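K.L.:
Have a peek at data01.cif (mmCIF, C-alpha atoms).
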```cif
data_model
#
loop_
_atom_site.group_PDB
_atom_site.id
_atom_site.type_symbol
_atom_site.label_atom_id
_atom_site.label_comp_id
_atom_site.auth_asym_id
_atom_site.auth_seq_id
_atom_site.Cartn_x
_atom_site.Cartn_y
_atom_site.Cartn_z
ATOM 1 C CA MET A 1 239.260 37.651 157.932
ATOM 2 C CA GLY A 2 237.633 41.061 158.349
ATOM 3 C CA ARG A 3 235.012 41.893 160.930
ATOM 4 C CA LYS A 4 231.603 42.970 159.771
ATOM 5 C CA ILE A 5 230.633 46.490 160.590
ATOM 6 C CA VAL A 6 227.660 46.245 162.885
ATOM 7 C CA MET A 7 226.500 49.837 162.954
ATOM 8 C CA LEU A 8 223.175 49.941 161.182
ATOM 9 C CA SER A 9 222.036 52.269 158.517
ATOM 10 C CA LEU A 10 220.267 55.383 159.726
ATOM 11 C CA ALA A 11 218.248 55.680 156.595
ATOM 12 C CA PHE A 12 214.935 55.584 158.396
ATOM 13 C CA ALA A 13 212.004 57.280 156.845
ATOM 14 C CA LEU A 14 209.580 58.247 159.534
ATOM 15 C CA ALA A 15 206.000 59.078 158.903
ATOM 16 C CA ILE A 16 203.080 59.752 161.137
ATOM 17 C CA ALA A 17 199.446 59.274 160.380
ATOM 18 C CA ALA A 18 196.266 59.829 162.283
ATOM 19 C CA PHE A 19 193.292 57.518 162.076
ATOM 20 C CA PRO A 20 190.121 59.543 162.479
ATOM 21 C CA LEU A 21 188.040 56.559 163.459
ATOM 22 C CA LEU A 22 190.355 55.762 166.311
ATOM 23 C CA ALA A 23 190.090 58.778 168.534
ATOM 24 C CA LEU A 24 193.488 60.132 169.503
ATOM 25 C CA ALA A 25 195.311 57.253 167.794
ATOM 26 C CA GLU A 26 198.407 58.150 165.805
ATOM 27 C CA THR A 27 200.806 55.847 164.034
ATOM 28 C CA LEU A 28 204.518 56.336 163.591
ATOM 29 C CA SER A 29 206.043 54.221 160.842
ATOM 30 C CA TRP A 30 209.445 53.816 159.307
ATOM 31 C CA ASN A 31 211.254 51.828 156.672
ATOM 32 C CA ALA A 32 212.670 48.482 157.593
ATOM 33 C CA VAL A 33 216.418 48.172 158.007
ATOM 34 C CA THR A 34 217.727 45.478 155.720
ATOM 35 C CA THR A 35 221.432 46.163 155.373
ATOM 36 C CA TYR A 36 224.437 46.966 157.448
ATOM 37 C CA THR A 37 226.320 50.142 156.805
ATOM 38 C CA ASP A 38 228.709 48.231 154.596
ATOM 39 C CA GLY A 39 225.826 47.291 152.329
ATOM 40 C CA SER A 40 225.696 43.663 153.284
ATOM 41 C CA ALA A 41 222.337 42.126 153.973
ATOM 42 C CA ILE A 42 221.109 41.623 157.502
ATOM 43 C CA THR A 43 220.101 38.029 158.037
ATOM 44 C CA SER A 44 219.482 38.195 161.776
ATOM 45 C CA PRO A 45 216.249 39.390 163.402
ATOM 46 C CA VAL A 46 215.911 43.159 163.641
ATOM 47 C CA THR A 47 214.026 44.882 166.417
ATOM 48 C CA TYR A 48 213.192 48.556 166.754
ATOM 49 C CA THR A 49 212.808 51.020 169.564
ATOM 50 C CA ALA A 50 210.797 54.186 168.970
ATOM 51 C CA VAL A 51 211.162 57.216 171.196
ATOM 52 C CA TRP A 52 210.018 60.834 171.357
ATOM 53 C CA SER A 53 211.501 63.898 172.944
ATOM 54 C CA THR A 54 210.867 67.623 173.119
ATOM 55 C CA SER A 55 214.484 68.037 172.049
ATOM 56 C CA SER A 56 215.568 67.758 168.441
ATOM 57 C CA SER A 57 218.663 65.976 169.692
ATOM 58 C CA LEU A 58 216.400 63.347 171.239
ATOM 59 C CA SER A 59 217.909 63.937 174.616
ATOM 60 C CA SER A 60 216.058 62.386 177.538
ATOM 61 C CA PRO A 61 213.806 60.419 175.221
ATOM 62 C CA THR A 62 210.566 58.790 176.218
ATOM 63 C CA THR A 63 210.030 55.316 174.837
ATOM 64 C CA LEU A 64 207.011 54.754 172.632
ATOM 65 C CA ALA A 65 207.756 51.154 171.760
ATOM 66 C CA SER A 66 210.621 48.929 172.704
ATOM 67 C CA SER A 67 212.140 45.940 170.930
ATOM 68 C CA ILE A 68 209.309 45.516 168.465
ATOM 69 C CA THR A 69 209.737 43.660 165.188
ATOM 70 C CA THR A 70 207.151 45.696 163.267
ATOM 71 C CA THR A 71 207.972 48.893 161.422
ATOM 72 C CA SER A 72 205.235 50.984 162.958
ATOM 73 C CA THR A 73 203.754 51.736 166.306
ATOM 74 C CA THR A 74 200.468 53.292 167.274
ATOM 75 C CA PHE A 75 200.232 55.551 170.254
ATOM 76 C CA ASN A 76 197.793 57.789 172.053
ATOM 77 C CA ILE A 77 198.720 61.417 172.569
ATOM 78 C CA THR A 78 197.085 61.591 175.943
ATOM 79 C CA THR A 79 198.396 58.285 177.207
ATOM 80 C CA ALA A 80 201.887 59.146 175.986
ATOM 81 C CA ALA A 81 201.606 62.457 177.838
ATOM 82 C CA MET A 82 202.747 64.445 174.827
ATOM 83 C CA PRO A 83 202.603 68.206 175.250
ATOM 84 C CA ARG A 84 199.669 69.506 173.249
ATOM 85 C CA GLY A 85 200.424 72.406 170.987
ATOM 86 C CA SER A 86 204.167 71.804 171.136
ATOM 87 C CA THR A 87 206.632 70.322 168.675
ATOM 88 C CA ILE A 88 208.136 67.017 169.589
ATOM 89 C CA TYR A 89 210.653 64.805 167.817
ATOM 90 C CA PHE A 90 210.497 61.122 167.077
ATOM 91 C CA GLY A 91 213.444 58.816 166.626
ATOM 92 C CA VAL A 92 213.837 55.119 165.968
ATOM 93 C CA ARG A 93 216.801 52.879 166.328
ATOM 94 C CA ALA A 94 217.351 49.333 165.202
ATOM 95 C CA THR A 95 218.953 46.539 167.130
ATOM 96 C CA VAL A 96 220.624 43.458 165.680
ATOM 97 C CA GLY A 97 222.273 40.881 167.806
ATOM 98 C CA GLY A 98 222.226 43.189 170.804
ATOM 99 C CA VAL A 99 223.936 46.015 168.967
ATOM 100 C CA ASN A 100 222.038 49.264 168.612
ATOM 101 C CA SER A 101 222.177 51.657 165.744
ATOM 102 C CA ALA A 102 222.134 55.356 166.336
ATOM 103 C CA TYR A 103 218.756 57.042 166.293
ATOM 104 C CA SER A 104 217.300 57.967 162.958
ATOM 105 C CA THR A 105 217.157 61.548 161.837
ATOM 106 C CA PRO A 106 214.502 63.038 164.124
ATOM 107 C CA LEU A 107 211.045 63.582 162.757
ATOM 108 C CA SER A 108 209.421 66.744 164.071
ATOM 109 C CA TRP A 109 205.696 66.782 164.738
ATOM 110 C CA LEU A 110 203.366 69.408 166.111
ATOM 111 C CA VAL A 111 201.157 67.732 168.662
ATOM 112 C CA PRO A 112 197.556 68.783 167.998
ATOM 113 C CA ALA A 113 196.442 71.404 170.489
ATOM 114 C CA SER A 114 193.251 69.560 171.157
ATOM 115 C CA THR A 115 191.306 66.698 169.708
ATOM 116 C CA THR A 116 188.289 67.339 171.862
ATOM 117 C CA PRO A 117 185.283 67.049 169.563
ATOM 118 C CA VAL A 118 182.936 69.967 169.346
ATOM 119 C CA PRO A 119 179.937 68.972 171.409
ATOM 120 C CA ALA A 120 176.746 68.513 169.460
ATOM 121 C CA LEU A 121 174.066 71.018 170.283
ATOM 122 C CA ALA A 122 170.328 70.736 170.153
ATOM 123 C CA PRO A 123 168.314 73.306 168.236
ATOM 124 C CA SER A 124 166.690 76.019 170.250
ATOM 125 C CA THR A 125 162.990 75.648 170.924
ATOM 126 C CA PRO A 126 160.621 76.542 168.080
ATOM 127 C CA GLY A 127 158.963 79.808 168.907
ATOM 128 C CA ASN A 128 155.616 81.472 168.574
ATOM 129 C CA LEU A 129 153.568 78.294 168.408
ATOM 130 C CA ARG A 130 150.112 79.335 167.273
ATOM 131 C CA LEU A 131 146.889 78.242 165.629
ATOM 132 C CA GLN A 132 145.918 79.610 162.275
ATOM 133 C CA MET B 133 135.466 64.977 127.239
ATOM 134 C CA THR B 134 135.279 68.395 128.857
ATOM 135 C CA LEU B 135 133.427 66.926 131.785
ATOM 136 C CA ASN B 136 136.037 64.231 132.234
ATOM 137 C CA ARG B 137 138.798 66.813 132.190
ATOM 138 C CA PHE B 138 136.938 68.849 134.768
ATOM 139 C CA HIS B 139 136.531 65.820 136.991
ATOM 140 C CA LEU B 140 140.187 64.997 136.624
ATOM 141 C CA LEU B 141 141.235 68.518 137.594
ATOM 142 C CA PHE B 142 138.881 68.441 140.541
ATOM 143 C CA ALA B 143 140.272 65.142 141.684
ATOM 144 C CA LEU B 144 143.829 66.387 141.377
ATOM 145 C CA SER B 145 142.928 69.521 143.244
ATOM 146 C CA ALA B 146 141.405 67.494 146.038
ATOM 147 C CA VAL B 147 144.443 65.230 146.234
ATOM 148 C CA MET B 148 146.803 68.171 146.280
ATOM 149 C CA SER B 149 144.799 69.774 149.051
ATOM 150 C CA ILE B 150 145.054 66.634 151.106
ATOM 151 C CA LEU B 151 148.759 66.331 150.439
ATOM 152 C CA PHE B 152 149.466 69.924 151.315
ATOM 153 C CA ALA B 153 147.371 69.648 154.438
ATOM 154 C CA GLY B 154 149.317 66.583 155.481
ATOM 155 C CA CYS B 155 152.610 68.310 154.858
ATOM 156 C CA GLY B 156 151.620 71.447 156.635
ATOM 157 C CA GLY B 157 152.210 73.518 153.575
ATOM 158 C CA GLY B 158 148.658 74.557 152.854
ATOM 159 C CA GLY B 159 147.405 78.027 152.373
ATOM 160 C CA GLU B 160 143.989 77.449 153.967
ATOM 161 C CA ALA B 161 144.876 79.198 157.168
ATOM 162 C CA THR B 162 142.361 81.992 156.781
ATOM 163 C CA GLN B 163 139.528 79.514 156.246
ATOM 164 C CA ALA B 164 140.632 77.101 158.900
ATOM 165 C CA GLN B 165 139.066 78.623 161.958
ATOM 166 C CA SER B 166 135.706 78.943 160.293
ATOM 167 C CA ILE B 167 135.732 75.392 158.948
ATOM 168 C CA GLY B 168 136.555 73.451 162.047
ATOM 169 C CA PRO B 169 139.390 71.831 163.954
ATOM 170 C CA GLN B 170 140.262 69.411 161.169
ATOM 171 C CA ALA B 171 141.274 72.348 158.969
ATOM 172 C CA GLN B 172 143.169 74.291 161.591
ATOM 173 C CA THR B 173 146.856 74.740 161.119
ATOM 174 C CA LEU B 174 149.521 74.760 163.757
ATOM 175 C CA ALA B 175 152.281 77.232 162.930
ATOM 176 C CA TRP B 176 155.603 78.108 164.489
ATOM 177 C CA ASP B 177 158.796 79.996 163.887
ATOM 178 C CA PRO B 178 161.630 77.581 162.999
ATOM 179 C CA PRO B 179 164.627 77.933 165.292
ATOM 180 C CA GLN B 180 167.577 79.821 163.870
ATOM 181 C CA THR B 181 170.017 79.071 166.679
ATOM 182 C CA TYR B 182 171.308 76.236 168.761
ATOM 183 C CA VAL B 183 170.323 75.922 172.372
ATOM 184 C CA ASP B 184 173.388 77.975 173.344
ATOM 185 C CA ASN B 185 172.207 80.809 171.036
ATOM 186 C CA SER B 186 174.995 80.245 168.506
ATOM 187 C CA ALA B 187 173.923 80.568 164.872
ATOM 188 C CA MET B 188 172.400 77.543 163.180
ATOM 189 C CA ASP B 189 171.349 76.927 159.579
ATOM 190 C CA PRO B 190 167.893 75.378 159.935
ATOM 191 C CA TYR B 191 167.936 74.174 156.335
ATOM 192 C CA ARG B 192 170.855 71.944 157.160
ATOM 193 C CA GLU B 193 170.525 71.304 160.847
ATOM 194 C CA ILE B 194 166.831 70.631 161.482
ATOM 195 C CA ASP B 195 165.932 67.053 160.724
ATOM 196 C CA TYR B 196 162.279 67.056 161.736
ATOM 197 C CA TYR B 197 159.704 68.318 164.185
ATOM 198 C CA GLU B 198 157.803 66.287 166.722
ATOM 199 C CA PHE B 199 154.231 67.022 167.725
ATOM 200 C CA TYR B 200 152.874 66.382 171.178
ATOM 201 C CA ILE B 201 149.322 66.459 172.377
ATOM 202 C CA GLY B 202 148.014 66.040 175.884
ATOM 203 C CA SER B 203 145.372 67.081 178.353
ATOM 204 C CA ASP B 204 148.100 68.513 180.558
ATOM 205 C CA PRO B 205 150.408 71.353 179.487
ATOM 206 C CA ASN B 206 153.376 69.870 181.306
ATOM 207 C CA PHE B 207 155.098 67.791 178.649
ATOM 208 C CA THR B 208 158.057 65.657 179.652
ATOM 209 C CA ASP B 209 160.791 63.682 177.930
ATOM 210 C CA ASN B 210 158.942 60.488 178.779
ATOM 211 C CA GLU B 211 156.119 61.297 176.386
ATOM 212 C CA ALA B 212 156.062 60.066 172.817
ATOM 213 C CA PRO B 213 155.257 62.355 169.916
ATOM 214 C CA VAL B 214 152.098 61.645 167.957
ATOM 215 C CA ALA B 215 153.422 62.953 164.644
ATOM 216 C CA GLN B 216 156.544 64.124 162.858
ATOM 217 C CA VAL B 217 157.222 66.271 159.830
ATOM 218 C CA ALA B 218 160.463 66.958 158.033
ATOM 219 C CA GLY B 219 162.248 70.181 158.877
ATOM 220 C CA VAL B 220 162.471 71.179 155.225
ATOM 221 C CA THR B 221 159.648 70.938 152.715
ATOM 222 C CA ASN B 222 160.126 70.665 148.968
ATOM 223 C CA VAL B 223 157.562 72.856 147.265
ATOM 224 C CA LEU B 224 156.859 72.197 143.613
ATOM 225 C CA ASN B 225 157.621 75.194 141.452
ATOM 226 C CA PRO B 226 155.122 76.501 138.856
ATOM 227 C CA ASP B 227 157.163 74.852 136.107
ATOM 228 C CA GLY B 228 155.988 71.520 137.484
ATOM 229 C CA HIS B 229 159.463 70.047 137.465
ATOM 230 C CA SER B 230 161.721 71.740 139.972
ATOM 231 C CA TYR B 231 161.373 72.202 143.691
ATOM 232 C CA THR B 232 162.190 74.944 146.118
ATOM 233 C CA GLN B 233 163.179 74.101 149.639
ATOM 234 C CA THR B 234 161.312 75.916 152.363
ATOM 235 C CA LEU B 235 161.480 75.611 156.101
ATOM 236 C CA THR B 236 158.539 73.703 157.442
ATOM 237 C CA SER B 237 156.578 75.969 159.736
ATOM 238 C CA GLU B 238 153.019 74.670 159.526
ATOM 239 C CA PHE B 239 151.200 71.457 160.232
ATOM 240 C CA SER B 240 147.582 70.572 159.637
ATOM 241 C CA LEU B 241 145.927 69.677 162.905
ATOM 242 C CA GLY B 242 143.558 67.402 161.043
ATOM 243 C CA ASN B 243 146.381 64.889 161.248
ATOM 244 C CA LEU B 244 146.059 64.854 165.028
ATOM 245 C CA LEU B 245 142.315 64.326 165.237
ATOM 246 C CA PRO B 246 142.711 60.521 165.555
ATOM 247 C CA PHE B 247 144.391 61.234 168.887
ATOM 248 C CA THR B 248 141.527 63.351 170.208
ATOM 249 C CA GLN B 249 137.996 63.074 171.410
ATOM 250 C CA PRO B 250 135.311 65.532 170.318
ATOM 251 C CA GLY B 251 134.462 68.159 172.881
ATOM 252 C CA ALA B 252 137.771 67.961 174.722
ATOM 253 C CA VAL B 253 140.451 70.569 175.276
ATOM 254 C CA TYR B 254 144.039 69.688 174.516
ATOM 255 C CA TYR B 255 147.462 71.216 174.791
ATOM 256 C CA LEU B 256 149.863 71.149 171.879
ATOM 257 C CA SER B 257 153.626 71.451 171.864
ATOM 258 C CA ILE B 258 156.383 70.731 169.387
ATOM 259 C CA ARG B 259 160.096 70.015 169.488
ATOM 260 C CA ALA B 260 162.730 70.495 166.817
ATOM 261 C CA VAL B 261 165.095 67.570 166.317
ATOM 262 C CA GLY B 262 168.549 68.223 164.929
ATOM 263 C CA ILE B 263 170.269 66.014 162.388
ATOM 264 C CA ASP B 264 172.367 64.566 165.188
ATOM 265 C CA GLY B 265 169.206 63.484 166.978
ATOM 266 C CA LEU B 266 169.336 66.026 169.737
ATOM 267 C CA LYS B 267 165.969 67.547 170.570
ATOM 268 C CA SER B 268 165.055 71.086 171.467
ATOM 269 C CA GLY B 269 162.974 71.845 174.473
ATOM 270 C CA PHE B 270 159.197 71.814 174.261
ATOM 271 C CA SER B 271 157.671 74.900 172.770
ATOM 272 C CA GLU B 272 155.343 76.857 174.975
ATOM 273 C CA PRO B 273 152.128 74.769 174.893
ATOM 274 C CA ILE B 274 149.016 76.235 173.360
ATOM 275 C CA ILE B 275 145.406 75.246 173.869
ATOM 276 C CA TRP B 276 143.538 73.404 171.166
ATOM 277 C CA ASP B 277 139.872 73.648 172.013
ATOM 278 C CA LEU B 278 137.682 71.028 170.338
ATOM 279 C CA THR B 279 134.536 71.921 172.229
#
```
Please express the file's structure as structure tokens.

P.N.:
Amino acid sequence: MGRKIVMLSLAFALAIAAFPLLALAETLSWNAVTTYTDGSAITSPVTYTAVWSTSSSLSSPTTLASSITTTSTTFNITTAAMPRGSTIYFGVRATVGGVNSAYSTPLSWLVPASTTPVPALAPSTPGNLRLQ
Amino acid sequence: MTLNRFHLLFALSAVMSILFAGCGGGGEATQAQSIGPQAQTLAWDPPQTYVDNSAMDPYREIDYYEFYIGSDPNFTDNEAPVAQVAGVTNVLNPDGHSYTQTLTSEFSLGNLLPFTQPGAVYYLSIRAVGIDGLKSGFSEPIIWDLT
């Protein structure tokens, strides 16, 4: 009776999207993990942990979301204290039955330098008011 | 038949004069001062910049103008305008079908007479309002003498 390989597939596909109507809100999403590395189907609950790091090796990662069952997470650049104007790397790992997969292939992302809206300006005062 | 056509043209001419006067696009300026206050025209130079002096396209950025009248030249934000006109005026071309956009820069003061009393002296000021709703400062008030 062979033991099932518990290391999970790393075939994550990460994507990031910004929602203009939600100021500063960004969403990181990935594909669900459905199989073990041996190709057999996962029947147990899968949770995900998303992290980011300034290192492409995801060293010293900062957690964006932990043990969530969804395949996306929305974050705020400012709240997450991401370095504006710098490239960061996202990674996600899956957990099944207390066993973690390795992190996905890192997704690089250039943090917008600034999302401060350009302040609206009033017109200057009409000039040379006169009677004709 | 000729008489009827003449009357029709006269009527149209009169209507057009009223419309142009109301829109501030009339060309009666030279006659205005000799006719009376109802035919006077208030004119101004449309702003070409934002309040910080950066360039602005008034065709796109000016929504309308507000007109203020008072017996005191010190206008404040608490006062309500008595009239508004669009920042851009569509002028009918000679072909009778197409229009040309022009910057509104005149307003017939006859429109403000309901807010006045004969024999009084008033101060007039205007503000430009941008498409985002932000208002310019008050223009330098001028005297409108109805005595």

K.L.:
Which polymer residues have any atom within 8 Å of an atom of region 265-278 of chain B, counting all atoms listed in the file, with same-chain residues fewer than 2 positions away left out, as JSON, numbers by chain?

P.N.:
{"A": [120, 121, 122, 123, 124, 125, 126, 127, 128, 129, 130], "B": [169, 183, 195, 205, 207, 250, 251, 252, 253, 254, 255, 256, 257, 258, 259, 260, 261, 262, 263]}

K.L.:
To one decimal in Å, tell me the separation between CA of Thr27 (chain A) and CA of Thr43 (chain A).

P.N.:
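Interatomic distance, CA of Thr27 (chain A) to CA of Thr43 (chain A): 26.9 Å.
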
K.L.:
Counting only C-alpha atoms, which of A:Leu107, A:Leu58, A:Val46, A:Met82 gets nearest to Thr95 (chain A)?

P.N.:
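Selected residue with least distance to Thr95 (chain A): A:Val46.
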
K.L.:
From the list A:Leu131, A:Val99, A:Ala80, A:Val92, which residue is nearest Ala25 (chain A) when using all atoms listed in the file?

P.N.:
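Among the listed residues, A:Ala80 lies closest to Ala25 (chain A).
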
K.L.:
What does the structure give for the distance between CA of Trp176 (chain B) and CA of Gln249 (chain B), in Å to one decimal?

P.N.:
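Between CA of Trp176 (chain B) and CA of Gln249 (chain B) the gap is 24.2 Å.
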
K.L.:
Got a sec: who's within 12 Å of Ala81 (chain A), counting only C-alpha atoms, leaving out chain neighbours fewer than 2 positions off, as number ranges by chain?

P.N.:
A: 24, 52-54, 62-64, 75-79, 83-84, 86, 88, 111

K.L.:
Quick check, in Å to one decimal: how far apart do CA of His229 (chain B) and CA of Tyr196 (chain B) lie?

P.N.:
24.6 Å

K.L.:
Take the point (203.1, 66.9, 163.7) in the file's coordinates, draw a sphere of radius 8 Å around it, and report as a list in words every protein, DNA or RNA residue with an atom inside or on it, counting all atoms listed in the file.

P.N.:
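These residues have at least one counted atom within 8 Å: Ile16, Thr87, Ile88, Ser108, Trp109, Leu110, Val111 and Pro112 of chain A.
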
K.L.:
Give the answer as one residue: which of B:Leu241, B:Val223, B:Val217, B:Ile201 has the shortest atom-to-atom distance to chain A, using only C-alpha atoms?

P.N.:
B:Leu241

K.L.:
Between B:Leu174, B:Ala218, B:Leu245, B:Ala187, which is the closest to chain A once you count all atoms listed in the file?

P.N.:
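Among B:Leu174, B:Ala218, B:Leu245, B:Ala187, it is B:Leu174 that comes nearest to chain A.
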
K.L.:
Ranking B:Gly202, B:Pro226, B:Gly242, B:Pro179 by minimum distance to chain A and counting only C-alpha atoms, which one comes first?

P.N.:
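Between B:Gly202, B:Pro226, B:Gly242, B:Pro179, the residue approaching chain A most closely is B:Pro179.
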